[in-house]
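Just model02.tsv here, TSV, C-alpha atoms:
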chain	number	residue	atom	x	y	z
A	66	MET	CA	16.49	8.48	19.18
A	67	PHE	CA	18.94	10.39	21.39
A	68	ASN	CA	19.81	13.55	19.44
A	69	ARG	CA	21.97	15.48	21.91
A	70	ARG	CA	24.47	18.33	21.59
A	71	ALA	CA	28.16	17.42	21.61
A	72	PHE	CA	28.71	18.73	25.12
A	73	VAL	CA	26.27	16.33	26.77
A	74	GLY	CA	28.35	14.18	29.11
A	75	LEU	CA	28.87	10.48	28.61
A	76	ALA	CA	27.31	9.69	31.99
A	77	THR	CA	24.12	11.54	31.06
A	78	VAL	CA	23.87	9.74	27.73
A	79	SER	CA	24.47	6.39	29.45
A	80	MET	CA	21.73	7.06	31.99
A	81	MET	CA	19.32	7.98	29.23
A	82	THR	CA	20.20	4.84	27.29
A	83	LEU	CA	19.59	2.66	30.34
A	84	ALA	CA	16.29	4.38	30.98
A	85	GLY	CA	15.23	3.80	27.38
A	86	ALA	CA	16.18	0.14	27.60
A	87	ALA	CA	14.24	-0.23	30.83
A	88	GLY	CA	11.18	1.30	29.17
A	89	ALA	CA	11.24	-1.10	26.21
A	90	LYS	CA	8.47	-3.70	26.34
A	91	ASP	CA	9.60	-7.29	26.81
A	92	TRP	CA	7.22	-9.09	24.45
A	93	LYS	CA	6.16	-12.52	25.67
A	94	GLN	CA	2.60	-12.75	24.35
A	95	VAL	CA	0.49	-11.05	21.69
A	96	THR	CA	-3.17	-11.01	20.69
A	97	VAL	CA	-3.59	-11.47	16.95
A	98	GLY	CA	-6.60	-10.26	14.97
A	99	VAL	CA	-7.80	-12.05	11.82
A	100	GLU	CA	-10.91	-11.75	9.69
A	101	GLY	CA	-11.58	-15.48	9.40
A	102	ALA	CA	-13.53	-15.02	6.15
A	103	PHE	CA	-10.93	-14.56	3.40
A	104	PRO	CA	-9.90	-17.99	2.10
A	105	PRO	CA	-7.34	-19.29	1.46
A	106	PHE	CA	-5.60	-16.61	3.56
A	107	ASN	CA	-7.94	-17.29	6.47
A	108	ALA	CA	-11.29	-19.00	6.97
A	109	THR	CA	-13.46	-20.29	9.79
A	110	THR	CA	-14.22	-24.00	9.82
A	111	ALA	CA	-17.55	-25.57	10.78
A	112	SER	CA	-16.12	-26.21	14.25
A	113	GLY	CA	-15.24	-22.53	14.71
A	114	GLU	CA	-11.49	-22.88	14.20
A	115	VAL	CA	-9.57	-20.51	11.93
A	116	GLU	CA	-7.26	-21.92	9.26
A	117	GLY	CA	-5.38	-20.78	6.19
A	118	LEU	CA	-2.02	-19.37	5.11
A	119	ASP	CA	-2.19	-16.51	7.64
A	120	ILE	CA	-2.77	-18.90	10.52
A	121	ASP	CA	0.11	-21.17	9.54
A	122	VAL	CA	2.38	-18.12	9.13
A	123	ILE	CA	1.55	-16.50	12.46
A	124	LYS	CA	1.84	-19.79	14.37
A	125	GLU	CA	5.32	-20.34	12.93
A	126	VAL	CA	6.29	-16.70	13.56
A	127	CYS	CA	5.22	-17.02	17.19
A	128	LYS	CA	7.08	-20.31	17.58
A	129	ARG	CA	10.32	-18.84	16.25
A	130	ALA	CA	9.89	-15.60	18.18
A	131	GLU	CA	9.02	-17.49	21.39
A	132	LEU	CA	5.75	-15.59	21.66
A	133	GLU	CA	2.49	-16.87	23.09
A	134	CYS	CA	-0.16	-15.93	20.51
A	135	ALA	CA	-3.92	-15.73	21.05
A	136	ILE	CA	-5.76	-15.57	17.69
A	137	VAL	CA	-9.13	-13.76	17.61
A	138	ALA	CA	-11.48	-13.66	14.58
A	139	GLN	CA	-13.24	-10.34	14.02
A	140	ASP	CA	-14.81	-8.41	11.12
A	141	TRP	CA	-12.30	-7.00	8.64
A	142	ASP	CA	-13.37	-3.35	8.88
A	143	SER	CA	-12.70	-3.32	12.65
A	144	GLN	CA	-9.18	-4.79	12.49
A	145	ILE	CA	-7.20	-1.53	12.40
A	146	PRO	CA	-9.40	0.30	14.97
A	147	SER	CA	-9.02	-2.67	17.33
A	148	LEU	CA	-5.25	-2.69	16.81
A	149	VAL	CA	-4.93	1.04	17.51
A	150	ALA	CA	-7.20	0.73	20.57
A	151	GLY	CA	-5.00	-2.01	22.03
A	152	LYS	CA	-7.41	-4.94	21.66
A	153	PHE	CA	-4.95	-6.57	19.25
A	154	ASP	CA	-1.16	-6.37	19.10
A	155	VAL	CA	-0.91	-7.80	15.58
A	156	VAL	CA	-3.39	-8.02	12.68
A	157	LEU	CA	-3.07	-10.44	9.78
A	158	THR	CA	-3.44	-10.02	5.99
A	159	MET	CA	-2.57	-6.34	6.20
A	160	GLY	CA	-1.18	-4.67	3.09
A	161	PRO	CA	0.67	-1.36	3.43
A	162	ASN	CA	-0.54	1.64	1.46
A	163	PRO	CA	-0.05	5.37	2.12
A	164	LYS	CA	-3.33	5.78	3.98
A	165	ARG	CA	-2.72	2.85	6.32
A	166	ARG	CA	0.88	3.91	6.95
A	167	GLU	CA	-0.49	7.11	8.48
A	168	VAL	CA	-2.15	5.02	11.20
A	169	ILE	CA	-0.15	1.82	11.76
A	170	ASP	CA	3.21	0.17	11.04
A	171	PHE	CA	3.97	-3.10	9.30
A	172	SER	CA	6.26	-6.10	9.36
A	173	ASP	CA	8.15	-7.22	6.29
A	174	PRO	CA	5.85	-9.04	3.83
A	175	TYR	CA	5.23	-12.76	4.06
A	176	VAL	CA	3.51	-13.00	0.65
A	177	ILE	CA	3.06	-10.68	-2.34
A	178	THR	CA	-0.15	-10.86	-4.40
A	179	PRO	CA	-1.63	-8.68	-7.19
A	180	ASN	CA	-5.34	-7.95	-7.72
A	181	SER	CA	-7.68	-8.97	-10.52
A	182	PHE	CA	-11.36	-9.50	-11.38
A	183	LEU	CA	-13.70	-12.31	-10.31
A	184	VAL	CA	-16.64	-12.52	-12.74
A	185	ASP	CA	-19.51	-14.60	-14.09
A	186	PRO	CA	-18.12	-16.49	-17.14
A	187	ASN	CA	-21.37	-15.74	-18.97
A	188	GLY	CA	-21.51	-12.08	-17.96
A	189	PRO	CA	-20.39	-8.85	-19.66
A	190	LEU	CA	-16.90	-8.97	-18.11
A	191	ALA	CA	-16.11	-12.58	-18.99
A	192	ASP	CA	-13.13	-11.76	-21.20
A	193	LEU	CA	-11.35	-8.65	-20.01
A	194	PRO	CA	-8.30	-7.50	-21.99
A	195	HIS	CA	-4.74	-8.32	-20.88
A	196	THR	CA	-5.82	-11.36	-18.87
A	197	GLY	CA	-2.91	-12.79	-16.89
A	198	VAL	CA	-0.57	-9.87	-17.58
A	199	ASN	CA	1.27	-8.93	-14.36
A	200	VAL	CA	1.71	-5.15	-14.52
A	201	SER	CA	2.25	-2.13	-12.27
A	202	VAL	CA	-0.22	0.73	-12.68
A	203	ASP	CA	2.68	3.07	-11.86
A	204	THR	CA	4.17	2.47	-15.31
A	205	PRO	CA	3.06	3.80	-18.74
A	206	GLU	CA	2.34	0.20	-19.77
A	207	GLY	CA	0.18	-0.28	-16.70
A	208	GLN	CA	-1.75	2.92	-17.37
A	209	GLN	CA	-2.53	1.75	-20.91
A	210	VAL	CA	-3.66	-1.64	-19.60
A	211	LEU	CA	-5.91	0.13	-17.10
A	212	ALA	CA	-7.39	2.33	-19.82
A	213	ASP	CA	-8.17	-0.72	-21.98
A	214	VAL	CA	-9.90	-2.45	-19.05
A	215	LYS	CA	-11.95	0.64	-18.23
A	216	GLU	CA	-13.37	0.68	-21.75
A	217	VAL	CA	-14.96	-2.71	-21.08
A	218	LEU	CA	-16.09	-1.76	-17.56
A	219	LYS	CA	-18.33	1.07	-18.79
A	220	GLY	CA	-21.87	0.75	-17.46
A	221	THR	CA	-21.16	-2.28	-15.28
A	222	THR	CA	-21.37	-2.78	-11.50
A	223	LEU	CA	-18.32	-3.78	-9.45
A	224	GLY	CA	-17.96	-4.85	-5.83
A	225	ALA	CA	-15.09	-4.77	-3.34
A	226	ALA	CA	-14.63	-5.25	0.39
A	227	LEU	CA	-15.03	-2.32	2.77
A	228	SER	CA	-11.80	-0.88	4.20
A	229	SER	CA	-9.73	-2.66	1.55
A	230	SER	CA	-7.23	-1.18	-0.89
A	231	GLN	CA	-9.19	-2.91	-3.66
A	232	LEU	CA	-12.20	-0.73	-2.81
A	233	GLN	CA	-10.04	2.41	-2.65
A	234	PHE	CA	-8.47	1.59	-6.00
A	235	SER	CA	-11.85	0.83	-7.57
A	236	GLU	CA	-13.33	4.10	-6.33
A	237	GLU	CA	-10.33	6.06	-7.61
A	238	ASN	CA	-10.04	4.36	-11.00
A	239	PHE	CA	-13.34	2.75	-11.98
A	240	ALA	CA	-16.10	4.88	-10.42
A	241	ASP	CA	-16.12	7.26	-13.39
A	242	VAL	CA	-17.20	4.45	-15.74
A	243	ALA	CA	-18.84	1.87	-13.45
A	244	THR	CA	-20.93	1.66	-10.29
A	245	VAL	CA	-18.73	0.61	-7.37
A	246	ARG	CA	-20.40	-1.03	-4.36
A	247	SER	CA	-18.76	-1.74	-1.01
A	248	TYR	CA	-19.34	-4.88	1.05
A	249	LYS	CA	-18.51	-5.85	4.61
A	250	SER	CA	-16.30	-8.68	3.35
A	251	SER	CA	-15.03	-10.25	0.13
A	252	GLU	CA	-17.31	-13.23	0.72
A	253	GLN	CA	-20.38	-10.96	0.85
A	254	ALA	CA	-19.35	-9.35	-2.42
A	255	GLN	CA	-18.95	-12.81	-3.91
A	256	LEU	CA	-22.50	-13.73	-2.86
A	257	ASP	CA	-23.88	-10.75	-4.78
A	258	LEU	CA	-21.70	-11.64	-7.75
A	259	THR	CA	-22.98	-15.22	-7.73
A	260	SER	CA	-26.59	-14.06	-7.46
A	261	GLY	CA	-26.20	-11.68	-10.41
A	262	ARG	CA	-26.30	-8.37	-8.52
A	263	LEU	CA	-22.72	-7.60	-9.55
A	264	ASP	CA	-20.97	-7.88	-12.89
A	265	GLY	CA	-17.55	-8.26	-11.31
A	266	GLN	CA	-15.57	-8.23	-8.08
A	267	PHE	CA	-12.15	-6.55	-7.84
A	268	ASP	CA	-10.13	-8.49	-5.30
A	269	ASN	CA	-6.95	-10.23	-4.31
A	270	LEU	CA	-5.83	-12.65	-7.03
A	271	VAL	CA	-5.39	-15.54	-4.60
A	272	PHE	CA	-8.87	-15.09	-3.10
A	273	ALA	CA	-10.40	-14.71	-6.57
A	274	THR	CA	-8.62	-17.81	-7.91
A	275	ASP	CA	-9.64	-19.85	-4.88
A	276	ARG	CA	-13.30	-18.84	-5.25
A	277	ALA	CA	-13.27	-19.54	-8.99
A	278	ASN	CA	-11.73	-22.99	-8.44
A	279	ALA	CA	-14.37	-23.80	-5.82
A	280	SER	CA	-17.31	-22.60	-7.92
A	281	ASP	CA	-17.54	-25.55	-10.33
A	282	GLY	CA	-17.43	-23.20	-13.32
A	283	ALA	CA	-19.83	-20.58	-11.95
A	284	LEU	CA	-17.05	-17.99	-11.56
A	285	LYS	CA	-13.78	-17.19	-13.32
A	286	VAL	CA	-10.80	-14.86	-12.95
A	287	THR	CA	-10.18	-12.50	-15.84
A	288	GLY	CA	-8.22	-9.33	-16.56
A	289	PRO	CA	-4.66	-8.21	-15.77
A	290	TRP	CA	-2.86	-8.88	-12.51
A	291	LEU	CA	-2.50	-5.35	-11.13
A	292	PHE	CA	-0.21	-3.95	-8.47
A	293	GLY	CA	1.11	-0.51	-7.52
A	294	GLY	CA	-0.70	2.73	-6.74
A	295	ILE	CA	-2.93	2.58	-3.67
A	296	MET	CA	-3.14	-1.21	-3.86
A	297	ALA	CA	-1.74	-3.08	-0.86
A	298	THR	CA	-0.30	-6.15	-2.56
A	299	HIS	CA	2.52	-6.81	-0.06
A	300	VAL	CA	0.82	-8.86	2.66
A	301	CYS	CA	2.28	-8.07	6.09
A	302	LEU	CA	1.55	-8.19	9.80
A	303	GLY	CA	0.07	-4.90	10.99
A	304	ILE	CA	1.28	-3.48	14.30
A	305	ARG	CA	0.79	-0.25	16.24
A	306	LYS	CA	3.11	2.65	15.55
A	307	GLU	CA	6.22	3.15	17.67
A	308	GLU	CA	6.67	-0.47	18.71
A	309	PRO	CA	10.10	-1.18	17.19
A	310	GLU	CA	10.86	-4.09	19.53
A	311	LEU	CA	7.82	-6.06	18.34
A	312	GLN	CA	8.48	-5.12	14.73
A	313	ALA	CA	12.07	-6.38	15.00
A	314	ILE	CA	10.96	-9.65	16.60
A	315	LEU	CA	8.39	-10.31	13.87
A	316	ASN	CA	10.76	-9.36	11.05
A	317	LYS	CA	13.49	-11.65	12.36
A	318	ALA	CA	11.09	-14.60	12.37
A	319	ILE	CA	9.73	-13.77	8.89
A	320	ALA	CA	13.28	-13.42	7.50
A	321	SER	CA	14.26	-16.84	8.81
A	322	MET	CA	11.09	-18.36	7.29
A	323	ARG	CA	11.90	-16.78	3.94
A	324	GLU	CA	15.53	-17.90	4.00
A	325	ASP	CA	14.84	-21.55	4.88
A	326	GLY	CA	11.96	-21.90	2.39
A	327	THR	CA	9.12	-22.06	4.90
A	328	LEU	CA	7.23	-19.14	3.33
A	329	LYS	CA	7.61	-20.72	-0.11
A	330	ALA	CA	6.28	-24.04	1.19
A	331	LEU	CA	3.28	-22.41	2.88
A	332	SER	CA	2.47	-20.38	-0.26
A	333	GLU	CA	2.54	-23.54	-2.36
A	334	LYS	CA	0.43	-25.39	0.22
A	335	TRP	CA	-2.38	-22.83	0.26
A	336	PHE	CA	-2.07	-21.08	-3.14
A	337	HIS	CA	-0.57	-23.86	-5.29
A	338	MET	CA	2.05	-21.33	-6.45
A	339	ASP	CA	5.02	-19.56	-4.92
A	340	LEU	CA	4.09	-15.97	-4.06
A	341	SER	CA	6.60	-15.67	-1.22
A	342	PRO	CA	8.96	-12.65	-1.07
A	343	GLN	CA	12.19	-13.39	-2.90
A	344	GLY	CA	14.50	-11.08	-0.95

Turn the structure described in the file into structure tokens.
Amino acid sequence: MFNRRAFVGLATVSMMTLAGAAGAKDWKQVTVGVEGAFPPFNATTASGEVEGLDIDVIKEVCKRAELECAIVAQDWDSQIPSLVAGKFDVVLTMGPNPKRREVIDFSDPYVITPNSFLVDPNGPLADLPHTGVNVSVDTPEGQQVLADVKEVLKGTTLGAALSSSQLQFSEENFADVATVRSYKSSEQAQLDLTSGRLDGQFDNLVFATDRANASDGALKVTGPWLFGGIMATHVCLGIRKEEPELQAILNKAIASMREDGTLKALSEKWFHMDLSPQG
């Protein structure tokens, strides 16, 4: 931070260091934004409470970091604008990608999840190739997998949530063979899928699996498990740029939760599988 010439005196440097320390924010409380409509990451109960993996994670982070946290549910597409504007200090379920990194910063990940397709088991996308194959689209193998999937997607209609990396990826990679529609939330896309207005939904694997399991056979997950490229598969806490003190506080708490197995336990509680970061 302090890039000074060699002849700057020690007293001057010390004064500057003290001034910088005095200007650092002493974090005691934060306002946390969450969508509240992306189960099992987060969902709103009939009584208006929010629950899910994200909520358990942030409550434990705040406990370990000795922060008072107020959790506010708000539409997904307004999360980053509200963070930048100062309404929130932290936003949940936020995956880093190059576009988002231009605007905000991130904590270390608390879960890592690929993306796949949620479909009607009786529809045209019921049996996509390479189902269950976990592959990066940044590799030659991943590019071949993607090409094989696109052959089946020709002439179909896909949905994805607005302001999500799944929508960005779909527009970049599928729009030349399929119609890609955006929705205010993943749940709204799922409603159109269930009603037959979509052939498939490209979304987070955990969300897609949860919706398929809850559908009593009306939906299924098919296709490869994709990560890489523009996709934001490392799930982090989003924070404003240039707030290193808050970032350090959050990362310290997340690291301790990873090391003592808390993140693993929460992943298994909500996802029924361990998708916690391994290191």

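In this model, the gap between atom CA of A:Ala279 and atom CA of A:Asn238 comes to 29.0 Å.
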
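Interatomic distance, atom CA of A:Thr274 against atom CA of A:Pro205: 26.8 Å.
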
Contact residues around stretch 106-120 of chain A with all atoms listed in the file at 10 Å, ignoring same-chain residues under 5 positions, as a PyMOL selection string: chain A and resi 97+99-101+125-126+136-138+156-158+175-176+271-272+275+300-302+328+331-336

Close residues, A:Ile295 itself excluded, 8 Å, all atoms listed in the file, min 3 positions apart in chain, as an NGL selection string: :A and (162-163 or 230 or 233-234)

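You will find atom CA of A:Ala273 at 24.6 Å from atom CA of A:Ser172.
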
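Nearest residue to A:Asp241 among A:Thr222, A:Ser228, A:Ala254, A:His195 is A:Thr222, counting all atoms listed in the file.
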
Add whatever atoms are absent from stretch 164-189 of chain A to reach N, CA and C atoms, and provide the output as a tab-separated table (two decimals), in the coordinates of the input.
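Once everything was written out, this is out-v3.tsv:
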chain	number	residue	atom	x	y	z
A	164	LYS	N	-2.31	5.44	2.99
A	164	LYS	CA	-3.33	5.78	3.98
A	164	LYS	C	-3.15	4.98	5.26
A	165	ARG	N	-2.90	3.69	5.13
A	165	ARG	CA	-2.72	2.85	6.32
A	165	ARG	C	-1.43	3.21	7.05
A	166	ARG	N	-0.39	3.58	6.31
A	166	ARG	CA	0.88	3.91	6.95
A	166	ARG	C	0.76	5.15	7.83
A	167	GLU	N	-0.26	5.96	7.61
A	167	GLU	CA	-0.49	7.11	8.48
A	167	GLU	C	-0.94	6.68	9.87
A	168	VAL	N	-1.50	5.47	9.97
A	168	VAL	CA	-2.15	5.02	11.20
A	168	VAL	C	-1.38	3.92	11.91
A	169	ILE	N	-0.82	2.97	11.15
A	169	ILE	CA	-0.15	1.82	11.76
A	169	ILE	C	1.19	1.55	11.07
A	170	ASP	N	1.97	0.64	11.65
A	170	ASP	CA	3.21	0.17	11.04
A	170	ASP	C	3.04	-1.27	10.58
A	171	PHE	N	4.07	-1.79	9.91
A	171	PHE	CA	3.97	-3.10	9.30
A	171	PHE	C	5.26	-3.89	9.48
A	172	SER	N	5.10	-5.21	9.46
A	172	SER	CA	6.26	-6.10	9.36
A	172	SER	C	6.71	-6.15	7.91
A	173	ASP	N	7.80	-6.87	7.66
A	173	ASP	CA	8.15	-7.22	6.29
A	173	ASP	C	7.07	-8.14	5.73
A	174	PRO	N	6.91	-8.20	4.40
A	174	PRO	CA	5.85	-9.04	3.83
A	174	PRO	C	6.14	-10.52	3.97
A	175	TYR	N	5.07	-11.32	4.08
A	175	TYR	CA	5.23	-12.76	4.06
A	175	TYR	C	4.66	-13.37	2.78
A	176	VAL	N	3.96	-12.57	1.96
A	176	VAL	CA	3.51	-13.00	0.65
A	176	VAL	C	3.20	-11.74	-0.16
A	177	ILE	N	3.32	-11.83	-1.48
A	177	ILE	CA	3.06	-10.68	-2.34
A	177	ILE	C	2.06	-11.11	-3.42
A	178	THR	N	0.90	-10.44	-3.48
A	178	THR	CA	-0.15	-10.86	-4.40
A	178	THR	C	-0.76	-9.67	-5.13
A	179	PRO	N	-0.93	-9.74	-6.45
A	179	PRO	CA	-1.63	-8.68	-7.19
A	179	PRO	C	-3.14	-8.82	-7.07
A	180	ASN	N	-3.87	-7.93	-7.72
A	180	ASN	CA	-5.34	-7.95	-7.72
A	180	ASN	C	-5.86	-8.17	-9.13
A	181	SER	N	-7.06	-8.77	-9.22
A	181	SER	CA	-7.68	-8.97	-10.52
A	181	SER	C	-9.20	-9.04	-10.35
A	182	PHE	N	-9.90	-9.53	-11.36
A	182	PHE	CA	-11.36	-9.50	-11.38
A	182	PHE	C	-11.95	-10.91	-11.31
A	183	LEU	N	-12.90	-11.08	-10.41
A	183	LEU	CA	-13.70	-12.31	-10.31
A	183	LEU	C	-15.04	-12.01	-10.96
A	184	VAL	N	-15.45	-12.84	-11.94
A	184	VAL	CA	-16.64	-12.52	-12.74
A	184	VAL	C	-17.45	-13.78	-13.04
A	185	ASP	N	-18.66	-13.55	-13.54
A	185	ASP	CA	-19.51	-14.60	-14.09
A	185	ASP	C	-18.98	-14.91	-15.50
A	186	PRO	N	-18.66	-16.17	-15.81
A	186	PRO	CA	-18.12	-16.49	-17.14
A	186	PRO	C	-19.10	-16.24	-18.27
A	187	ASN	N	-20.38	-16.04	-17.95
A	187	ASN	CA	-21.37	-15.74	-18.97
A	187	ASN	C	-21.81	-14.28	-18.93
A	188	GLY	N	-21.13	-13.47	-18.12
A	188	GLY	CA	-21.51	-12.08	-17.96
A	188	GLY	C	-20.76	-11.15	-18.89
A	189	PRO	N	-20.99	-9.84	-18.75
A	189	PRO	CA	-20.39	-8.85	-19.66
A	189	PRO	C	-18.89	-8.66	-19.48
